[in-house]
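This report refers to the structure that appears directly beneath it.
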Amino acid sequence: MTKELTHGKPLPLILQFAMPLIFGYMLQQLYSLCDTVIVGRCLGVNELAAVGSTGAVSFLVLGFATGICTGMSIPVSQAFGAGDNKALRKYLANAFYLSAFLSVIMTIGTILFTGDLLRLMKTPEELYDYAYDYIFTVFAGISATILYNLLSSMLRSIGDSRTPLIFLAIAAVLNIGLDFLFILVLHTGVAGAGYASVISQGVSGILCLIYMFRKYEIFRIQKDEWKVSLQHCGRLLSIGLPMALQFSITAVGSIILQTSVNTLGTVSVTAVTAASKLQMVLTGPMECLGITMATYCGQNRGAREFERIRSGIRTSIVVSMIYCVISAVVIIVLGGWMALLFLDASETEVMEQVKEYLRLNAYFYPTLGLLFILRNGLQGMSYSFLPMMAGVSELFARVLVCVAFVPTFGYPAACLASPVAWIFADTLLVTVYFVKMKSLKVQLARPATATY
């Protein structure tokens with residue numbers, strides 16, 4: 001069902017919307033962990049390290065796709081908040097056209113240059129073939145990723161965060177079954193983990209497509225609304241592209257960091273792979289709270305509810321800080337035990353590096369929680385360029401650490417690269433938030449115009 005976030009107390013609305021996102025994220029991490037567990041336990045340490053070594057380049061490409069899909073849902077959420085369903089459907093129709101074009105271009109481009117990207121990242125020779133098999137499969141299925149992310153973002157834009165969760169749960173079960181089929185039965189190696197992820201995500205996207213047109217009348221595009229509109233395409237791209245580039249800029253920083261880690265040897269690559277998997281599980285709810293604020297601020301921006309935007313941001317920051325403290329304690333105390341999911345206890349050197357990575361990052365979780373809320377909130381208010389520049393500051397920070405400190409201080413410096421990047425980004429985002437909130441207050445006090 002649709003849910004307007006423009007009425008009622010912000011805290012319960014935010015939590016009700018965020019909880020399905022959090023459960024959905026956990027499901028995604030569950031089948032990602034299943035990939036990791038099966039690869040690590042059934043194939044070997046080199047195969048596990050190879051899959052992990054592709055994480056940054058995967059984020060570069062798939063993050064771009066996710067970012068543009070999320071960005072294109074913001075004009076939809078603003079039109080929904082303003083009660084303009086015709087504009088909503090026009091945005092949806094043109095988002096379909098843009099996504100189809102993007103799928104073709106990205107699929108061709110990535111499968112042609114997969115090897116070059118891995119070489120550029122200095123992937124260790126003993127890991128290269130495994131890494132290539134895995135990431136090539138993932139890139140060949142980009143259209144499935146775009147389909148699910150676009151449709152789930154559109155459903156969330158009208159307040160429905162539960163339906164994508166249901167279909168994602170189905171996909172998670174399917175993914176686990178396919179992991180066993182491809183890797184343990186058909187012996188397809190690390191590529192099997194890629195096949196399982198792509199197929200399951202495609203199924204989830206198709207289910208979203210069928211459901212949204214059958215369930216929601218406001219999504220049933222009329223004949224005249226299918227017409228390509230340069231105005232609507234321009235609006236979608238004006239928000240979607242900066243969000244996509246922000247993801248990719250952040251990913252470039254991660255690639256640079258991964259490249260530095262690759263130079264430290266297979267032990268460090270394996271440790272960062274395992275630690276990153278665990279950290280993604282714990283930090284996911286922070287990201288989901290940020291995604292919630294994009295929809296919340298988008299709907300209230302369309303409804304011209306300035307005070308609700310400000311109140312919602314403050315409330316979400318308090319919730320995030322509480323969670324950050326709890327998750328930091330959990331990961332510091334239990335991180336080593338959790339790593340045994342996909343590492344053998346005999347890998348003592350790897351285990352020590354995993355615990356060091358988790359501990360050094362956990363101290364800075366509050367800065368990451370603040371980053372997610374402010375970045376997504378500003379994007380929901382249609383301020384997409386400056387949050388992208390916060391991504392540039394993250395990139396600068398990671399490059400600085402990797403170039404100036406990793407060669408001298410080694411693994412501990414690599415562990416601190418992300419926290420330093422979070423601090424750099426927050427410095428810009430906090431400043432931008434206060435400046436833009438002042439201008440937004442003045443803008444929304446004027447007579448209403450269709451700026452969504």
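Here's how to read the names in the structure tokens: chain A, B, ... by the order shown, residue numbers from 1 in each chain, ligand numbers from 1 in the order shown.
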
I'd like the contact shell of Ile255 (chain A) - 10 Å cut-off, only C-alpha atoms, skipping same-chain residues fewer than 5 positions apart - returned as a short mmCIF file (atom, residue, chain, number, x, y, z; two decimals) with C-alpha atoms, in the first residue's frame.
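selection_9.cif, freshly written:
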```
data_model
loop_
_atom_site.label_atom_id
_atom_site.label_comp_id
_atom_site.auth_asym_id
_atom_site.auth_seq_id
_atom_site.Cartn_x
_atom_site.Cartn_y
_atom_site.Cartn_z
CA SER A 53 39.14 -8.28 -4.68
CA THR A 54 36.34 -7.46 -7.16
CA GLY A 55 34.22 -5.68 -4.55
CA ALA A 56 35.45 -2.19 -5.37
CA VAL A 57 35.12 -2.49 -9.15
CA SER A 58 31.70 -4.10 -8.69
CA PHE A 59 30.67 -1.13 -6.55
CA LEU A 60 31.98 1.24 -9.22
CA LEU A 117 39.82 -3.03 -14.84
CA LEU A 118 41.24 -5.99 -12.95
CA LEU A 120 44.46 -1.68 -13.45
CA MET A 121 43.70 -2.68 -9.87
CA ILE A 249 33.34 8.53 -7.21
CA THR A 250 33.14 6.80 -3.85
CA SER A 260 46.74 -0.54 -2.11
CA VAL A 261 45.52 -3.57 -0.16
CA LEU A 395 37.88 10.21 -2.97
CA ARG A 398 41.23 7.85 0.34
CA VAL A 399 43.81 8.77 -2.28
#
```

Could you give me, as a PyMOL selection string, the residues within 8 Å of Val138 (chain A), counting only C-alpha atoms and dropping anything in the same chain fewer than 5 positions from it? chain A and resi 194-195+197-198

Writing out the chosen residues with N, CA, C and O atoms as a PDB file, in the first residue's frame:
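And here is the file that came out, result.pdb:
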```
ATOM      1  N   GLY A 194      28.210 -15.851  -9.111  1.00  0.00           N
ATOM      2  CA  GLY A 194      27.698 -14.755  -9.937  1.00  0.00           C
ATOM      3  C   GLY A 194      26.402 -15.123 -10.628  1.00  0.00           C
ATOM      4  O   GLY A 194      25.458 -14.330 -10.654  1.00  0.00           O
ATOM      5  N   TYR A 195      26.327 -16.339 -11.170  1.00  0.00           N
ATOM      6  CA  TYR A 195      25.085 -16.790 -11.809  1.00  0.00           C
ATOM      7  C   TYR A 195      23.922 -16.740 -10.819  1.00  0.00           C
ATOM      8  O   TYR A 195      22.826 -16.275 -11.153  1.00  0.00           O
ATOM      9  N   SER A 197      23.487 -14.941  -8.096  1.00  0.00           N
ATOM     10  CA  SER A 197      23.092 -13.578  -7.733  1.00  0.00           C
ATOM     11  C   SER A 197      22.308 -12.891  -8.851  1.00  0.00           C
ATOM     12  O   SER A 197      21.286 -12.247  -8.608  1.00  0.00           O
ATOM     13  N   VAL A 198      22.783 -13.039 -10.080  1.00  0.00           N
ATOM     14  CA  VAL A 198      22.125 -12.388 -11.213  1.00  0.00           C
ATOM     15  C   VAL A 198      20.726 -12.955 -11.438  1.00  0.00           C
ATOM     16  O   VAL A 198      19.747 -12.205 -11.604  1.00  0.00           O
TER      17      VAL A 198
END
```

Sorted by chain and rising residue number, which residues of region 192-276 of chain A lie within 12 Å of region 405-409 of chain A, and what are their closest atom pairs and distances in Å to one decimal, counting only C-alpha atoms, as a Markdown table?
```
| residue | atom | partner | partner_atom | distance |
| --- | --- | --- | --- | --- |
| A:Ile256 | CA | A:Val406 | CA | 11.2 |
| A:Leu257 | CA | A:Val406 | CA | 9.2 |
| A:Gln258 | CA | A:Val406 | CA | 11.4 |
| A:Thr259 | CA | A:Val406 | CA | 10.9 |
| A:Ser260 | CA | A:Val406 | CA | 7.1 |
| A:Val261 | CA | A:Val406 | CA | 8.6 |
| A:Asn262 | CA | A:Val406 | CA | 11.4 |
| A:Thr263 | CA | A:Pro407 | CA | 9.2 |
| A:Leu264 | CA | A:Pro407 | CA | 9.1 |
```

Given the selection you just returned, output its residues as a file containing all heavy atoms, formatted as a short mmCIF file (atom, residue, chain, number, x, y, z; two decimals), in the first residue's frame.
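Final output, result_36.cif:
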```cif
data_model
loop_
_atom_site.label_atom_id
_atom_site.label_comp_id
_atom_site.auth_asym_id
_atom_site.auth_seq_id
_atom_site.Cartn_x
_atom_site.Cartn_y
_atom_site.Cartn_z
N ILE A 256 40.95 2.44 -5.41
CA ILE A 256 42.31 2.86 -5.06
C ILE A 256 42.74 2.20 -3.75
O ILE A 256 43.88 1.72 -3.62
CB ILE A 256 42.38 4.40 -4.95
CG1 ILE A 256 42.18 5.02 -6.34
CG2 ILE A 256 43.71 4.84 -4.34
CD1 ILE A 256 42.02 6.52 -6.32
N LEU A 257 41.82 2.14 -2.79
CA LEU A 257 42.11 1.47 -1.53
C LEU A 257 42.36 -0.03 -1.76
O LEU A 257 43.31 -0.60 -1.22
CB LEU A 257 40.97 1.67 -0.54
CG LEU A 257 41.06 0.91 0.79
CD1 LEU A 257 42.34 1.29 1.53
CD2 LEU A 257 39.83 1.19 1.65
N GLN A 258 41.51 -0.66 -2.57
CA GLN A 258 41.68 -2.08 -2.86
C GLN A 258 43.01 -2.35 -3.55
O GLN A 258 43.69 -3.34 -3.27
CB GLN A 258 40.53 -2.59 -3.73
CG GLN A 258 40.58 -4.08 -4.04
CD GLN A 258 40.37 -4.93 -2.81
OE1 GLN A 258 39.33 -4.83 -2.15
NE2 GLN A 258 41.34 -5.77 -2.48
N THR A 259 43.38 -1.43 -4.45
CA THR A 259 44.67 -1.56 -5.13
C THR A 259 45.82 -1.52 -4.13
O THR A 259 46.78 -2.30 -4.22
CB THR A 259 44.83 -0.45 -6.18
OG1 THR A 259 43.75 -0.51 -7.11
CG2 THR A 259 46.14 -0.60 -6.94
N SER A 260 45.71 -0.62 -3.15
CA SER A 260 46.74 -0.54 -2.11
C SER A 260 46.78 -1.82 -1.28
O SER A 260 47.85 -2.33 -0.95
CB SER A 260 46.47 0.66 -1.19
OG SER A 260 46.63 1.87 -1.89
N VAL A 261 45.59 -2.33 -0.94
CA VAL A 261 45.52 -3.57 -0.16
C VAL A 261 46.11 -4.73 -0.96
O VAL A 261 46.81 -5.59 -0.41
CB VAL A 261 44.07 -3.87 0.25
CG1 VAL A 261 43.96 -5.26 0.89
CG2 VAL A 261 43.56 -2.81 1.22
N ASN A 262 45.85 -4.75 -2.27
CA ASN A 262 46.39 -5.83 -3.11
C ASN A 262 47.91 -5.89 -3.06
O ASN A 262 48.50 -6.97 -3.17
CB ASN A 262 45.93 -5.64 -4.56
CG ASN A 262 44.46 -5.96 -4.76
OD1 ASN A 262 43.81 -6.54 -3.89
ND2 ASN A 262 43.92 -5.58 -5.91
N THR A 263 48.55 -4.73 -2.89
CA THR A 263 50.00 -4.70 -2.83
C THR A 263 50.55 -5.25 -1.52
O THR A 263 51.73 -5.53 -1.40
CB THR A 263 50.53 -3.27 -3.03
OG1 THR A 263 50.12 -2.45 -1.93
CG2 THR A 263 50.03 -2.67 -4.33
N LEU A 264 49.66 -5.39 -0.51
CA LEU A 264 50.08 -5.88 0.79
C LEU A 264 50.09 -7.40 0.88
O LEU A 264 50.53 -7.96 1.88
CB LEU A 264 49.17 -5.31 1.89
CG LEU A 264 49.16 -3.78 2.02
CD1 LEU A 264 48.15 -3.34 3.07
CD2 LEU A 264 50.55 -3.25 2.35
#
```

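Using only C-alpha atoms, the shortest contact distance between Lys441 (chain A) and any of A:Glu347, A:Glu307, A:Asp426, A:Glu394 is found at A:Glu307.
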
Please run DSSP on the backbone and report, as JSON, numbers by chain, all residues within region 141-390 of chain A that come out as alpha helix (DSSP H). {"A": [142, 143, 144, 145, 146, 147, 148, 149, 150, 151, 152, 153, 154, 155, 156, 157, 162, 163, 164, 165, 166, 167, 168, 169, 170, 171, 172, 173, 174, 175, 176, 177, 178, 179, 190, 191, 192, 193, 194, 195, 196, 197, 198, 199, 200, 201, 202, 203, 204, 205, 206, 207, 208, 209, 210, 211, 212, 213, 214, 215, 230, 231, 232, 233, 234, 235, 236, 237, 238, 239, 240, 241, 242, 243, 244, 245, 246, 247, 248, 249, 250, 251, 252, 253, 254, 255, 256, 257, 258, 259, 260, 261, 262, 266, 267, 268, 269, 270, 271, 272, 273, 274, 275, 276, 277, 278, 279, 280, 281, 282, 283, 284, 285, 286, 287, 288, 289, 290, 291, 292, 293, 294, 295, 296, 297, 298, 299, 300, 301, 302, 306, 307, 308, 309, 310, 311, 312, 313, 314, 315, 316, 317, 318, 319, 320, 321, 322, 323, 324, 325, 326, 327, 328, 329, 330, 331, 332, 333, 334, 335, 336, 337, 338, 348, 349, 350, 351, 352, 353, 354, 355, 356, 357, 358, 359, 360, 361, 362, 365, 366, 367, 368, 369, 370, 371, 372, 373, 374, 375, 376, 377, 378, 379, 380, 385, 386, 387, 388, 389, 390]}

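Proximity to Thr110 (chain A) was assessed for A:Gly141, A:Gly159, A:Pro20, A:Pro419 counting only C-alpha atoms; the smallest distance is recorded for A:Gly141.
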
Residues near Val37 (chain A), cut-off 12 Å, only C-alpha atoms, skip fewer than 4 positions along chain, as number ranges by chain: A: 29-33, 41-45, 47-49, 51, 176, 179-180, 183, 190, 193, 273-274, 277-278, 338-344

Name the closest residue to Thr427 (chain A) among the candidates A:Val442, A:Gly265, A:Tyr411, A:Met389; distances are taken between atoms, counting only C-alpha atoms.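 That would be A:Met389, the residue with the smallest distance to Thr427 (chain A).
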
Among listed residues A:Asn85, A:Ser320, A:Thr292, A:Ser99, nearest Gln379 (chain A) (using only C-alpha atoms): A:Thr292

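The protein and nucleic acid residues lying at most 7 Å from region 230-243 of chain A are Gly67, Ile68, Cys69, Thr70, Gly71, Met72, Pro75, Tyr91, Asn94, Phe247, Ser382, Ser384, Phe385 and Met388 of chain A, with only C-alpha atoms considered and sequence neighbours fewer than 4 positions away removed.
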
Save out the residues we just selected, C-alpha atoms, as a compact mmCIF listing (two decimals), in the first residue's frame.
```
# COMPACT_ATOMS: atom_id res chain seq x y z
CA GLY A 67 22.56 5.55 -7.80
CA ILE A 68 20.86 6.60 -11.01
CA CYS A 69 17.84 4.37 -10.29
CA THR A 70 17.51 5.81 -6.80
CA GLY A 71 17.92 9.34 -8.13
CA MET A 72 15.23 8.87 -10.78
CA PRO A 75 11.02 13.28 -8.78
CA TYR A 91 8.47 10.40 -14.80
CA ASN A 94 10.71 8.16 -19.08
CA PHE A 247 28.37 6.34 -5.95
CA SER A 382 16.69 17.94 -4.95
CA SER A 384 22.12 16.38 -5.69
CA PHE A 385 25.25 18.18 -6.91
CA MET A 388 28.21 14.41 -5.09
```

In Å, with one decimal, what is the gap from CA of Gly192 (chain A) to CA of Val39 (chain A)?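 Calculated distance between CA of Gly192 (chain A) and CA of Val39 (chain A) is 9.4 Å.
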
Of the listed residues A:Met381, A:Ala294, A:Leu155, A:Leu168, that which approaches Met26 (chain A) most closely, counting only C-alpha atoms: A:Leu168

Closest of A:Leu127, A:Met286, A:Ile158, A:Met351 to Asn46 (chain A) - atom-to-atom distances counting only C-alpha atoms: A:Leu127

Could you build a table of the residues in region 108-183 of chain A lying no more than 12 Å from region 207-213 of chain A, giving for each the nearest pair of atoms and their separation in Å rounded to one decimal place, using only C-alpha atoms, ordered by chain and ascending residue number, as a tab-separated table?
```
residue	atom	partner	partner_atom	distance
A:Ala144	CA	A:Leu207	CA	11.8
A:Leu147	CA	A:Leu209	CA	8.5
A:Tyr148	CA	A:Cys208	CA	7.2
A:Asn149	CA	A:Cys208	CA	9.8
A:Leu150	CA	A:Cys208	CA	9.7
A:Leu151	CA	A:Cys208	CA	6.2
A:Ser152	CA	A:Cys208	CA	6.9
A:Ser153	CA	A:Cys208	CA	10.3
A:Met154	CA	A:Met212	CA	9.0
A:Leu155	CA	A:Met212	CA	7.3
A:Arg156	CA	A:Met212	CA	11.0
A:Ile158	CA	A:Met212	CA	10.9
A:Asp160	CA	A:Met212	CA	10.1
A:Ser161	CA	A:Cys208	CA	11.6
A:Arg162	CA	A:Cys208	CA	11.2
A:Thr163	CA	A:Cys208	CA	7.7
A:Pro164	CA	A:Cys208	CA	6.8
A:Leu165	CA	A:Cys208	CA	10.1
A:Ile166	CA	A:Cys208	CA	9.6
A:Phe167	CA	A:Leu207	CA	6.6
A:Leu168	CA	A:Leu207	CA	9.4
A:Ala169	CA	A:Leu207	CA	11.5
A:Ile170	CA	A:Leu207	CA	9.7
A:Ala171	CA	A:Leu207	CA	9.8
```
